[in-house]
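Listing of my_file35.pdb; format and content: PDB, C-alpha atoms.
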```
ATOM      1  CA  MET V  90     297.213 166.846 225.596
ATOM      2  CA  GLY V  91     300.320 165.015 224.383
ATOM      3  CA  TYR V  92     300.583 162.639 221.432
ATOM      4  CA  SER V  93     300.002 159.550 223.591
ATOM      5  CA  GLY V  94     296.874 161.124 225.107
ATOM      6  CA  ARG V  95     295.473 162.065 221.671
ATOM      7  CA  LEU V  96     296.258 158.548 220.410
ATOM      8  CA  LEU V  97     294.427 156.998 223.382
ATOM      9  CA  SER V  98     291.393 159.260 222.832
ATOM     10  CA  PHE V  99     291.308 158.391 219.133
ATOM     11  CA  THR V 100     291.587 154.663 219.937
ATOM     12  CA  LEU V 101     288.737 154.819 222.450
ATOM     13  CA  LEU V 102     286.563 156.826 220.036
ATOM     14  CA  SER V 103     287.262 154.340 217.212
ATOM     15  CA  ALA V 104     286.406 151.415 219.487
ATOM     16  CA  SER V 105     283.185 153.156 220.548
ATOM     17  CA  LEU V 106     282.157 153.837 216.940
ATOM     18  CA  PHE V 107     282.969 150.247 215.998
ATOM     19  CA  ALA V 108     280.819 148.971 218.869
ATOM     20  CA  VAL V 109     277.879 151.160 217.785
ATOM     21  CA  GLU V 110     278.222 149.985 214.167
ATOM     22  CA  ARG V 111     278.520 146.346 215.260
ATOM     23  CA  LEU V 112     275.327 146.581 217.310
ATOM     24  CA  ARG V 113     273.309 148.218 214.555
ATOM     25  CA  PRO V 114     270.623 145.850 213.176
ATOM     26  CA  ILE V 115     271.409 144.751 209.616
ATOM     27  CA  GLU V 116     268.511 143.878 207.337
ATOM     28  CA  VAL V 117     268.744 140.328 205.948
ATOM     29  CA  THR V 118     265.499 140.067 203.951
ATOM     30  CA  ARG V 119     261.903 141.302 203.756
ATOM     31  CA  PHE V 120     258.548 139.534 203.510
ATOM     32  CA  HIS V 121     255.163 140.675 202.210
ATOM     33  CA  SER V 122     253.536 139.888 205.562
ATOM     34  CA  PHE V 123     254.366 140.037 209.272
ATOM     35  CA  ALA V 124     257.200 137.630 210.139
ATOM     36  CA  GLU V 125     257.059 135.336 213.148
ATOM     37  CA  GLY V 126     259.557 132.969 214.768
ATOM     38  CA  ILE V 127     263.073 132.388 213.451
ATOM     39  CA  VAL V 128     264.895 129.071 213.952
ATOM     40  CA  PHE V 129     268.075 127.496 212.521
ATOM     41  CA  ASP V 130     268.980 123.948 211.537
ATOM     42  CA  SER V 131     272.341 122.207 211.949
ATOM     43  CA  ASP V 132     273.400 123.244 208.418
ATOM     44  CA  GLY V 133     272.957 126.933 209.265
ATOM     45  CA  SER V 134     269.764 127.488 207.277
ATOM     46  CA  GLY V 135     267.148 129.736 208.876
ATOM     47  CA  TYR V 136     263.371 129.276 208.798
ATOM     48  CA  VAL V 137     260.969 132.209 209.184
ATOM     49  CA  SER V 138     257.166 132.034 209.475
ATOM     50  CA  HIS V 139     255.240 134.704 207.541
ATOM     51  CA  GLY V 140     251.604 134.719 206.466
ATOM     52  CA  ARG V 141     250.691 131.193 205.291
ATOM     53  CA  PHE V 142     254.277 130.197 204.661
ATOM     54  CA  ILE V 143     257.597 129.236 206.170
ATOM     55  CA  SER V 144     260.604 130.419 204.160
ATOM     56  CA  ARG V 145     264.030 128.793 204.252
ATOM     57  CA  ILE V 146     267.066 131.071 204.065
ATOM     58  CA  ALA V 147     270.239 129.207 203.117
ATOM     59  CA  PRO V 148     273.634 130.202 204.579
ATOM     60  CA  ASP V 149     274.495 131.844 201.227
ATOM     61  CA  GLY V 150     271.379 134.040 201.493
ATOM     62  CA  ARG V 151     269.200 132.229 198.938
ATOM     63  CA  ARG V 152     265.558 132.215 199.993
ATOM     64  CA  SER V 153     262.776 129.762 199.103
ATOM     65  CA  ILE V 154     259.322 128.767 200.319
ATOM     66  CA  TRP V 155     259.874 125.682 202.472
ATOM     67  CA  ALA V 156     256.293 124.934 203.618
ATOM     68  CA  GLU V 157     252.716 126.240 203.550
ATOM     69  CA  THR V 158     250.694 125.364 206.643
ATOM     70  CA  GLY V 159     248.084 128.097 207.144
ATOM     71  CA  ALA V 160     249.331 130.494 209.827
ATOM     72  CA  PRO V 161     252.653 129.241 211.234
ATOM     73  CA  LYS V 162     254.001 130.797 214.428
ATOM     74  CA  GLY V 163     256.719 129.381 216.705
ATOM     75  CA  HIS V 164     258.948 126.649 215.331
ATOM     76  CA  LYS V 165     261.593 124.204 216.596
ATOM     77  CA  ILE V 166     263.775 121.585 214.886
ATOM     78  CA  LEU V 167     264.329 118.156 216.420
ATOM     79  CA  ALA V 168     267.553 116.151 216.458
ATOM     80  CA  ASP V 169     266.302 113.877 213.647
ATOM     81  CA  GLY V 170     265.827 116.881 211.328
ATOM     82  CA  THR V 171     262.034 116.998 211.554
ATOM     83  CA  HIS V 172     260.213 120.173 212.606
ATOM     84  CA  LEU V 173     257.483 121.125 215.078
ATOM     85  CA  VAL V 174     255.423 124.185 214.096
ATOM     86  CA  CYS V 175     252.633 125.962 215.977
ATOM     87  CA  ASP V 176     249.842 126.924 213.569
ATOM     88  CA  GLU V 177     247.133 129.428 214.480
ATOM     89  CA  VAL V 178     244.451 128.617 211.892
ATOM     90  CA  ARG V 179     244.851 124.851 212.293
ATOM     91  CA  HIS V 180     244.706 125.289 216.092
ATOM     92  CA  ALA V 181     247.446 122.704 216.351
ATOM     93  CA  VAL V 182     251.125 121.887 216.619
ATOM     94  CA  LEU V 183     252.259 120.219 213.395
ATOM     95  CA  HIS V 184     255.063 117.725 212.779
ATOM     96  CA  LEU V 185     256.843 118.286 209.439
ATOM     97  CA  ASP V 186     259.590 116.352 207.682
ATOM     98  CA  PRO V 187     262.935 117.995 206.701
ATOM     99  CA  GLN V 188     261.480 118.942 203.287
ATOM    100  CA  GLY V 189     258.478 120.791 204.768
ATOM    101  CA  LYS V 190     255.808 118.114 204.245
ATOM    102  CA  ILE V 191     253.283 117.726 207.089
ATOM    103  CA  LEU V 192     253.698 114.279 208.635
ATOM    104  CA  GLU V 193     251.052 114.455 211.355
ATOM    105  CA  THR V 194     249.365 116.652 213.927
ATOM    106  CA  ALA V 195     251.481 116.525 217.079
ATOM    107  CA  SER V 196     248.802 118.173 219.249
ATOM    108  CA  SER V 197     245.322 119.589 218.619
ATOM    109  CA  HIS V 198     243.365 118.794 221.808
ATOM    110  CA  CYS V 199     243.964 118.706 225.552
ATOM    111  CA  ASP V 200     241.621 116.792 227.855
ATOM    112  CA  GLY V 201     239.113 116.559 225.011
ATOM    113  CA  LYS V 202     239.091 120.313 224.357
ATOM    114  CA  PRO V 203     240.455 121.804 221.116
ATOM    115  CA  LEU V 204     243.451 124.109 221.302
ATOM    116  CA  ALA V 205     242.788 127.793 220.602
ATOM    117  CA  CYS V 206     246.004 129.451 219.354
ATOM    118  CA  PRO V 207     249.325 127.638 219.819
ATOM    119  CA  ARG V 208     252.044 130.290 219.734
ATOM    120  CA  ASP V 209     255.487 128.949 220.555
ATOM    121  CA  LEU V 210     257.214 125.812 221.810
ATOM    122  CA  VAL V 211     260.367 124.462 223.387
ATOM    123  CA  ILE V 212     261.842 120.975 223.447
ATOM    124  CA  ASP V 213     262.403 119.257 226.803
ATOM    125  CA  PRO V 214     265.815 117.524 226.460
ATOM    126  CA  ARG V 215     264.495 114.641 228.590
ATOM    127  CA  GLY V 216     261.615 113.987 226.208
ATOM    128  CA  GLY V 217     258.464 115.727 225.004
ATOM    129  CA  PHE V 218     257.892 119.425 224.474
ATOM    130  CA  TYR V 219     256.057 122.390 225.994
ATOM    131  CA  PHE V 220     254.031 124.951 224.070
ATOM    132  CA  THR V 221     252.047 128.085 224.830
ATOM    133  CA  ASP V 222     248.435 128.637 223.772
ATOM    134  CA  SER V 223     247.445 132.310 223.857
ATOM    135  CA  GLY V 224     243.720 131.482 224.019
ATOM    136  CA  LYS V 225     240.825 133.074 222.194
ATOM    137  CA  ALA V 226     241.169 136.749 221.280
ATOM    138  CA  GLY V 227     239.544 139.164 223.700
ATOM    139  CA  GLN V 228     239.371 136.704 226.581
ATOM    140  CA  PRO V 229     241.634 137.618 229.519
ATOM    141  CA  ARG V 230     243.341 134.810 231.423
ATOM    142  CA  ALA V 231     242.543 132.379 228.607
ATOM    143  CA  GLY V 232     246.164 131.459 227.925
ATOM    144  CA  SER V 233     247.810 128.212 228.931
ATOM    145  CA  ILE V 234     250.933 126.079 228.803
ATOM    146  CA  HIS V 235     250.781 122.483 227.596
ATOM    147  CA  PHE V 236     253.134 119.505 227.591
ATOM    148  CA  VAL V 237     253.213 116.764 224.959
ATOM    149  CA  ASP V 238     254.846 113.565 226.200
ATOM    150  CA  ARG V 239     256.788 110.930 224.248
ATOM    151  CA  LEU V 240     253.588 109.019 223.514
ATOM    152  CA  GLY V 241     251.973 112.090 221.954
ATOM    153  CA  HIS V 242     249.545 112.821 224.789
ATOM    154  CA  THR V 243     248.874 116.492 225.548
ATOM    155  CA  HIS V 244     248.694 117.590 229.191
ATOM    156  CA  LEU V 245     247.707 120.931 230.736
ATOM    157  CA  ALA V 246     250.721 122.298 232.630
ATOM    158  CA  ALA V 247     249.510 125.824 233.592
ATOM    159  CA  GLU V 248     246.523 128.069 232.876
ATOM    160  CA  ASP V 249     244.946 131.484 233.588
ATOM    161  CA  LEU V 250     247.664 133.373 231.705
ATOM    162  CA  HIS V 251     247.291 136.686 229.873
ATOM    163  CA  LEU V 252     248.433 136.043 226.271
ATOM    164  CA  PRO V 253     251.460 133.766 226.759
ATOM    165  CA  ARG V 254     253.757 133.788 223.757
ATOM    166  CA  GLY V 255     257.477 132.984 223.770
ATOM    167  CA  ILE V 256     258.767 130.066 225.818
ATOM    168  CA  ALA V 257     262.292 128.887 226.683
ATOM    169  CA  MET V 258     263.810 126.175 228.866
ATOM    170  CA  ARG V 259     267.099 126.154 230.741
ATOM    171  CA  PRO V 260     269.537 123.574 229.311
ATOM    172  CA  ASP V 261     269.291 121.462 232.478
ATOM    173  CA  GLY V 262     265.518 121.202 231.976
ATOM    174  CA  LYS V 263     264.788 122.416 235.500
ATOM    175  CA  SER V 264     263.044 125.719 234.761
ATOM    176  CA  LEU V 265     260.735 127.146 232.130
ATOM    177  CA  LEU V 266     260.534 130.818 231.096
ATOM    178  CA  VAL V 267     257.387 132.245 229.478
ATOM    179  CA  ALA V 268     256.563 135.670 228.014
ATOM    180  CA  GLU V 269     253.166 136.879 229.284
ATOM    181  CA  GLY V 270     252.221 139.412 226.621
ATOM    182  CA  MET V 271     249.348 141.359 228.158
ATOM    183  CA  ARG V 272     251.170 141.714 231.483
ATOM    184  CA  ASN V 273     254.481 142.856 229.923
ATOM    185  CA  ARG V 274     256.488 140.412 231.990
ATOM    186  CA  ILE V 275     258.438 137.158 231.972
ATOM    187  CA  LEU V 276     257.253 134.271 234.131
ATOM    188  CA  SER V 277     259.289 131.428 235.579
ATOM    189  CA  TYR V 278     258.223 127.892 236.505
ATOM    190  CA  GLU V 279     260.218 125.175 238.217
ATOM    191  CA  VAL V 280     259.902 121.910 236.298
ATOM    192  CA  LEU V 281     259.034 119.238 238.887
ATOM    193  CA  GLY V 282     258.718 116.414 236.365
ATOM    194  CA  PRO V 283     257.526 115.786 232.807
ATOM    195  CA  GLY V 284     254.610 118.200 232.329
ATOM    196  CA  ARG V 285     254.503 119.115 236.033
ATOM    197  CA  LEU V 286     255.289 122.742 236.879
ATOM    198  CA  GLY V 287     255.724 124.433 240.240
ATOM    199  CA  PRO V 288     253.982 127.690 241.226
ATOM    200  CA  MET V 289     254.245 130.606 238.814
ATOM    201  CA  LYS V 290     256.839 133.246 239.697
ATOM    202  CA  VAL V 291     257.461 136.637 238.108
ATOM    203  CA  PHE V 292     260.970 136.446 236.667
ATOM    204  CA  ALA V 293     261.026 140.065 235.452
ATOM    205  CA  ASP V 294     258.768 143.022 234.717
ATOM    206  CA  LEU V 295     259.779 144.667 231.427
ATOM    207  CA  PRO V 296     260.091 148.378 230.551
ATOM    208  CA  PRO V 297     256.810 150.132 229.619
ATOM    209  CA  LYS V 298     256.251 151.653 226.206
ATOM    210  CA  GLU V 299     257.275 155.220 225.529
ATOM    211  CA  ARG V 300     256.347 157.840 222.971
ATOM    212  CA  GLY V 301     256.659 156.488 219.433
ATOM    213  CA  GLN V 302     256.249 152.872 220.552
ATOM    214  CA  ILE V 303     252.929 151.165 219.818
ATOM    215  CA  ASP V 304     252.850 148.439 222.478
ATOM    216  CA  ASN V 305     254.873 146.538 225.082
ATOM    217  CA  GLN V 306     254.202 142.831 224.688
ATOM    218  CA  PRO V 307     257.098 140.384 225.120
ATOM    219  CA  ASP V 308     257.115 137.687 222.448
ATOM    220  CA  GLY V 309     259.932 135.357 221.310
ATOM    221  CA  LEU V 310     262.672 134.270 223.711
ATOM    222  CA  CYS V 311     266.140 132.745 223.465
ATOM    223  CA  LEU V 312     269.117 132.134 225.760
ATOM    224  CA  ASP V 313     272.830 132.776 225.341
ATOM    225  CA  GLN V 314     275.626 130.534 226.625
ATOM    226  CA  HIS V 315     275.765 132.452 229.916
ATOM    227  CA  GLY V 316     272.073 131.920 230.642
ATOM    228  CA  ASN V 317     271.008 135.476 229.812
ATOM    229  CA  LEU V 318     267.520 135.745 228.333
ATOM    230  CA  TYR V 319     266.849 137.718 225.113
ATOM    231  CA  VAL V 320     263.283 139.023 224.686
ATOM    232  CA  ALA V 321     261.723 140.208 221.419
ATOM    233  CA  HIS V 322     259.651 143.115 222.755
ATOM    234  CA  TYR V 323     256.755 143.606 220.343
ATOM    235  CA  GLY V 324     255.690 147.212 219.805
ATOM    236  CA  MET V 325     258.802 148.538 221.537
ATOM    237  CA  GLY V 326     261.197 148.036 218.634
ATOM    238  CA  THR V 327     263.736 146.521 220.994
ATOM    239  CA  VAL V 328     265.300 143.334 222.303
ATOM    240  CA  GLU V 329     265.721 143.249 226.089
ATOM    241  CA  VAL V 330     268.444 141.199 227.779
ATOM    242  CA  LEU V 331     267.875 139.813 231.274
ATOM    243  CA  SER V 332     270.384 138.107 233.552
ATOM    244  CA  ARG V 333     269.927 134.605 235.002
ATOM    245  CA  LYS V 334     268.264 136.242 237.990
ATOM    246  CA  GLY V 335     265.921 138.422 235.936
ATOM    247  CA  ARG V 336     267.878 141.659 236.259
ATOM    248  CA  PHE V 337     267.680 144.049 233.297
ATOM    249  CA  ILE V 338     271.125 144.134 231.646
ATOM    250  CA  ARG V 339     270.743 145.995 228.376
ATOM    251  CA  GLN V 340     268.480 146.866 225.461
ATOM    252  CA  TYR V 341     269.230 146.570 221.739
ATOM    253  CA  PRO V 342     267.444 148.189 218.783
ATOM    254  CA  ALA V 343     265.622 145.472 216.842
ATOM    255  CA  GLY V 344     265.379 147.191 213.465
ATOM    256  CA  LEU V 345     261.635 146.411 213.611
ATOM    257  CA  LEU V 346     258.773 148.132 215.385
ATOM    258  CA  GLY V 347     257.181 144.764 216.088
ATOM    259  CA  PRO V 348     259.903 142.193 216.845
ATOM    260  CA  SER V 349     258.356 138.760 217.370
ATOM    261  CA  GLY V 350     261.199 136.243 217.323
ATOM    262  CA  VAL V 351     264.855 136.020 218.344
ATOM    263  CA  ALA V 352     267.425 133.284 217.785
ATOM    264  CA  PHE V 353     271.193 132.898 217.692
ATOM    265  CA  GLY V 354     272.718 131.741 214.413
ATOM    266  CA  GLY V 355     275.744 132.059 212.171
ATOM    267  CA  SER V 356     278.724 129.742 211.813
ATOM    268  CA  LYS V 357     279.921 130.608 215.340
ATOM    269  CA  MET V 358     276.440 131.024 216.857
ATOM    270  CA  ASP V 359     277.364 134.615 217.737
ATOM    271  CA  GLN V 360     274.841 136.495 215.598
ATOM    272  CA  LEU V 361     271.417 137.448 216.938
ATOM    273  CA  PHE V 362     268.604 137.235 214.378
ATOM    274  CA  ILE V 363     265.341 139.136 214.906
ATOM    275  CA  SER V 364     262.098 138.557 212.994
ATOM    276  CA  GLY V 365     258.920 140.616 213.090
ATOM    277  CA  GLY V 366     256.996 143.413 211.422
ATOM    278  CA  LEU V 367     258.017 146.847 210.246
ATOM    279  CA  GLY V 368     254.699 148.055 211.685
ATOM    280  CA  ALA V 369     251.819 146.611 213.696
ATOM    281  CA  GLU V 370     250.990 142.919 213.511
ATOM    282  CA  GLY V 371     248.391 142.157 210.858
ATOM    283  CA  SER V 372     248.929 145.409 208.973
ATOM    284  CA  SER V 373     252.552 145.526 207.889
ATOM    285  CA  SER V 374     255.229 143.762 205.906
ATOM    286  CA  GLY V 375     257.823 141.733 207.775
ATOM    287  CA  ALA V 376     261.582 141.422 207.841
ATOM    288  CA  LEU V 377     264.527 139.593 209.309
ATOM    289  CA  PHE V 378     267.451 141.489 210.847
ATOM    290  CA  ARG V 379     270.705 140.355 212.404
ATOM    291  CA  MET V 380     273.133 141.826 214.921
ATOM    292  CA  GLU V 381     276.831 140.997 215.326
ATOM    293  CA  LEU V 382     276.743 140.573 219.097
ATOM    294  CA  GLN V 383     279.750 138.269 219.543
ATOM    295  CA  GLU V 384     277.842 136.607 222.374
ATOM    296  CA  LYS V 385     277.188 132.940 221.712
ATOM    297  CA  GLY V 386     273.833 131.219 221.902
ATOM    298  CA  LEU V 387     273.041 127.687 223.046
ATOM    299  CA  PRO V 388     273.597 124.667 220.756
ATOM    300  CA  LEU V 389     271.066 124.473 217.945
ATOM    301  CA  THR V 390     269.752 120.925 218.066
ATOM    302  CA  PRO V 391     268.073 119.472 221.163
ATOM    303  CA  ARG V 392     269.220 116.030 222.278
ATOM    304  CA  TRP V 393     265.739 114.549 222.290
ATOM    305  CA  LYS V 394     264.385 112.642 219.287
ATOM    306  CA  PRO V 395     260.693 111.774 218.812
TER     307      PRO V 395
END
```
Step by step, read the file and then write its structure as structure tokens.
Amino acid sequence: MGYSGRLLSFTLLSASLFAVERLRPIEVTRFHSFAEGIVFDSDGSGYVSHGRFISRIAPDGRRSIWAETGAPKGHKILADGTHLVCDEVRHAVLHLDPQGKILETASSHCDGKPLACPRDLVIDPRGGFYFTDSGKAGQPRAGSIHFVDRLGHTHLAAEDLHLPRGIAMRPDGKSLLVAEGMRNRILSYEVLGPGRLGPMKVFADLPPKERGQIDNQPDGLCLDQHGNLYVAHYGMGTVEVLSRKGRFIRQYPAGLLGPSGVAFGGSKMDQLFISGGLGAEGSSSGALFRMELQEKGLPLTPRWKP
């Protein structure tokens, strides 16, 4: 092999090693308990649910307790700077101010029945928001999807689901994606109108667990600028990436055995952040990792204001 050939081989090898290093999960911080959803505000600060608390991580890495609610799960930030947080022990979706103070309960009942376990939520850019309720533990097909309209009324949008968790909406507001945990798959619903969903469709079946993996339950979801879906695959230690049509594209190591949340952040929105547990949920400490993907996520702040 001549000099030019050796130089080309060295260049390709260097590029390959750089790509591997770039895609290696980097630990950002650890928590004493299992970490749940990760979300970012317009200033670049991240918020992670863990145990009874939500911690704020400033762009310079400083960490502080932002709120104590009980058992916070999924979390979104509205255009006015206030927050919506699903809370398991309060059986409700809470509305918090920018400083972490609870303003009101955004949803706690639907058709006169109390919520069981709100897990995650997504803002509808046309008004209102959707959230998943995983139902009571041990009861199959007890999960549901709800919609809260501008007036604060909660409506049942879909039911008979097996542990729904993460939820995402296409930017045009025309379709909803939901992680069905106990079925190891992603569901898709056409949005016919505010709180009105079309028939359930299977968007994608996810890879089954293998040796050394403790479970295969999809959890948190997020979208990149191309419409690809990123899935925190609890128990698998991975993040799966699916195309707009539900085709499996690639798989990334999460740095965690139990990833529960994924979100794009960073000054250019090209870093993928992954929250979860170093072991099984309920019995391990938590952590936040990031990956330098150089794929960009969707804009941070939804257009809708309450």
message: Between CA of Val330 (chain V) and CA of Pro161 (chain V), what is the distance in Å, rounded to a tenth?
response: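 Between CA of Val330 (chain V) and CA of Pro161 (chain V) the gap is 25.8 Å.
Evaluated against the shown file, the PyMOL selection byres ((chain V and resi 172) around 10) gives V:Asp130, V:His164, V:Lys165, V:Ile166, V:Leu167, V:Ala168, V:Asp169, V:Gly170, V:Thr171, V:Leu173, V:Val174, V:Leu183, V:His184, V:Leu185, V:Asp186, V:Pro187, V:Gln188, V:Gly189, V:Lys190, V:Ile191, V:Leu192.
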Pairwise distance for CA of Ala343 (chain V) and CA of Ile363 (chain V), rounded to one decimal in Å: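 Distance reported for this atom pair: 6.6 Å.
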Could you list, as an mmCIF file with C-alpha atoms, keeping the file's coordinate frame, every residue within 7 Å of Glu279 (chain V), counting only C-alpha atoms and ignoring same-chain residues fewer than 3 positions away?
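What landed in selection.cif:
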```
data_model
loop_
_atom_site.group_PDB
_atom_site.id
_atom_site.type_symbol
_atom_site.label_atom_id
_atom_site.label_comp_id
_atom_site.auth_asym_id
_atom_site.auth_seq_id
_atom_site.Cartn_x
_atom_site.Cartn_y
_atom_site.Cartn_z
ATOM 1 C CA LYS V 263 264.788 122.416 235.500
ATOM 2 C CA SER V 264 263.044 125.719 234.761
ATOM 3 C CA LEU V 265 260.735 127.146 232.130
ATOM 4 C CA LEU V 286 255.289 122.742 236.879
ATOM 5 C CA GLY V 287 255.724 124.433 240.240
#
```
- request: Quote the spacing between CA of Thr118 (chain V) and CA of Arg379 (chain V) in Å to one decimal place.
  value: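 Answer for the CA of Thr118 (chain V) to CA of Arg379 (chain V) separation: 9.9 Å.
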Contact residues around Leu295 (chain V) with all atoms listed in the file at 12 Å, ignoring same-chain residues under 4 positions, as JSON, numbers by chain: {"V": [268, 269, 270, 271, 272, 273, 274, 275, 276, 291, 304, 305, 306, 307, 308, 319, 320, 321, 322, 323, 325, 327, 328, 329, 330, 331, 335, 336, 337, 338, 339, 340]}
May I have the selected residues written with C-alpha atoms, as a PDB file, in the coordinates of the input?
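Final file, selection_16.pdb:
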```pdb
ATOM      1  CA  ALA V 268     256.563 135.670 228.014  1.00  0.00           C
ATOM      2  CA  GLU V 269     253.166 136.879 229.284  1.00  0.00           C
ATOM      3  CA  GLY V 270     252.221 139.412 226.621  1.00  0.00           C
ATOM      4  CA  MET V 271     249.348 141.359 228.158  1.00  0.00           C
ATOM      5  CA  ARG V 272     251.170 141.714 231.483  1.00  0.00           C
ATOM      6  CA  ASN V 273     254.481 142.856 229.923  1.00  0.00           C
ATOM      7  CA  ARG V 274     256.488 140.412 231.990  1.00  0.00           C
ATOM      8  CA  ILE V 275     258.438 137.158 231.972  1.00  0.00           C
ATOM      9  CA  LEU V 276     257.253 134.271 234.131  1.00  0.00           C
ATOM     10  CA  VAL V 291     257.461 136.637 238.108  1.00  0.00           C
ATOM     11  CA  ASP V 304     252.850 148.439 222.478  1.00  0.00           C
ATOM     12  CA  ASN V 305     254.873 146.538 225.082  1.00  0.00           C
ATOM     13  CA  GLN V 306     254.202 142.831 224.688  1.00  0.00           C
ATOM     14  CA  PRO V 307     257.098 140.384 225.120  1.00  0.00           C
ATOM     15  CA  ASP V 308     257.115 137.687 222.448  1.00  0.00           C
ATOM     16  CA  TYR V 319     266.849 137.718 225.113  1.00  0.00           C
ATOM     17  CA  VAL V 320     263.283 139.023 224.686  1.00  0.00           C
ATOM     18  CA  ALA V 321     261.723 140.208 221.419  1.00  0.00           C
ATOM     19  CA  HIS V 322     259.651 143.115 222.755  1.00  0.00           C
ATOM     20  CA  TYR V 323     256.755 143.606 220.343  1.00  0.00           C
ATOM     21  CA  MET V 325     258.802 148.538 221.537  1.00  0.00           C
ATOM     22  CA  THR V 327     263.736 146.521 220.994  1.00  0.00           C
ATOM     23  CA  VAL V 328     265.300 143.334 222.303  1.00  0.00           C
ATOM     24  CA  GLU V 329     265.721 143.249 226.089  1.00  0.00           C
ATOM     25  CA  VAL V 330     268.444 141.199 227.779  1.00  0.00           C
ATOM     26  CA  LEU V 331     267.875 139.813 231.274  1.00  0.00           C
ATOM     27  CA  GLY V 335     265.921 138.422 235.936  1.00  0.00           C
ATOM     28  CA  ARG V 336     267.878 141.659 236.259  1.00  0.00           C
ATOM     29  CA  PHE V 337     267.680 144.049 233.297  1.00  0.00           C
ATOM     30  CA  ILE V 338     271.125 144.134 231.646  1.00  0.00           C
ATOM     31  CA  ARG V 339     270.743 145.995 228.376  1.00  0.00           C
ATOM     32  CA  GLN V 340     268.480 146.866 225.461  1.00  0.00           C
TER      33      GLN V 340
END
```
query: Using all atoms listed in the file, what residues lie at most 10 Å away from (258.6, 115.1, 226.6) (file coordinates), given as a PyMOL selection string?
result: chain V and resi 212-219+236-243+282-284+393-395
Lys334 (chain V) surroundings by all atoms listed in the file, 9 Å radius, close-in-sequence under 5 positions cut, as a tab-separated table (two decimals) with C-alpha atoms, in the coordinates of the input:
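Below you can see part_19.tsv, which holds the result:
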```tsv
chain	number	residue	atom	x	y	z
V	292	PHE	CA	260.97	136.45	236.67
V	293	ALA	CA	261.03	140.06	235.45
V	317	ASN	CA	271.01	135.48	229.81
```
- prompt: Using only C-alpha atoms, which residue out of V:Gly316, V:Gly301, V:Gly232, V:Pro296 lies closest to Leu266 (chain V)?
  reply: V:Gly316
- request: Between V:Gly150, V:Pro207, V:Pro288, V:Gly163, single out the one closest to Ala124 (chain V), counting all atoms listed in the file.
  value: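 Checking each of V:Gly150, V:Pro207, V:Pro288, V:Gly163 against Ala124 (chain V), counting all atoms listed in the file, the winner is V:Gly163.
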task: With a distance cut-off of 12 Å and all atoms listed in the file, select the neighbouring residues of Gly201 (chain V), excluding the residue or stretch itself and same-chain residues fewer than 2 positions from it, and output the selection as number ranges by chain.
output: V: 196-199, 203-204, 242-245
Output check: residues returned by the PyMOL selection byres ((chain V and resi 139) around 7), as a ChimeraX atom specification: /V:122-125,137-138,140-143
task: Within 9 Å of (259.8, 128.6, 223.2) (coordinates as in the file), grab all the protein and nucleic acid residues, counting all atoms listed in the file, and write them out as a ChimeraX atom specification.
output: /V:163-165,208-212,219-221,254-258,266-267,309-311
task: Find the residue from V:Gly355, V:Pro148, V:Pro229, V:Gly350 that sits nearest to Leu377 (chain V); use all atoms listed in the file when measuring.
output: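 Smallest distance to Leu377 (chain V) is found for V:Gly350.
In terms of minimum interatomic distance to Val351 (chain V), V:Ser364 ranks closest within V:His180, V:Ser364, V:Gly133, V:Arg145, counting all atoms listed in the file.
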- request: Do a neighbour search on Gly224 (chain V) at 7 Å with all atoms listed in the file, toss out local chain neighbours closer than 3 positions, and write the hits as a list in words.
  value: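 Selected residues are Ala205, Cys206, Ala231, Gly232 and Leu252 of chain V.
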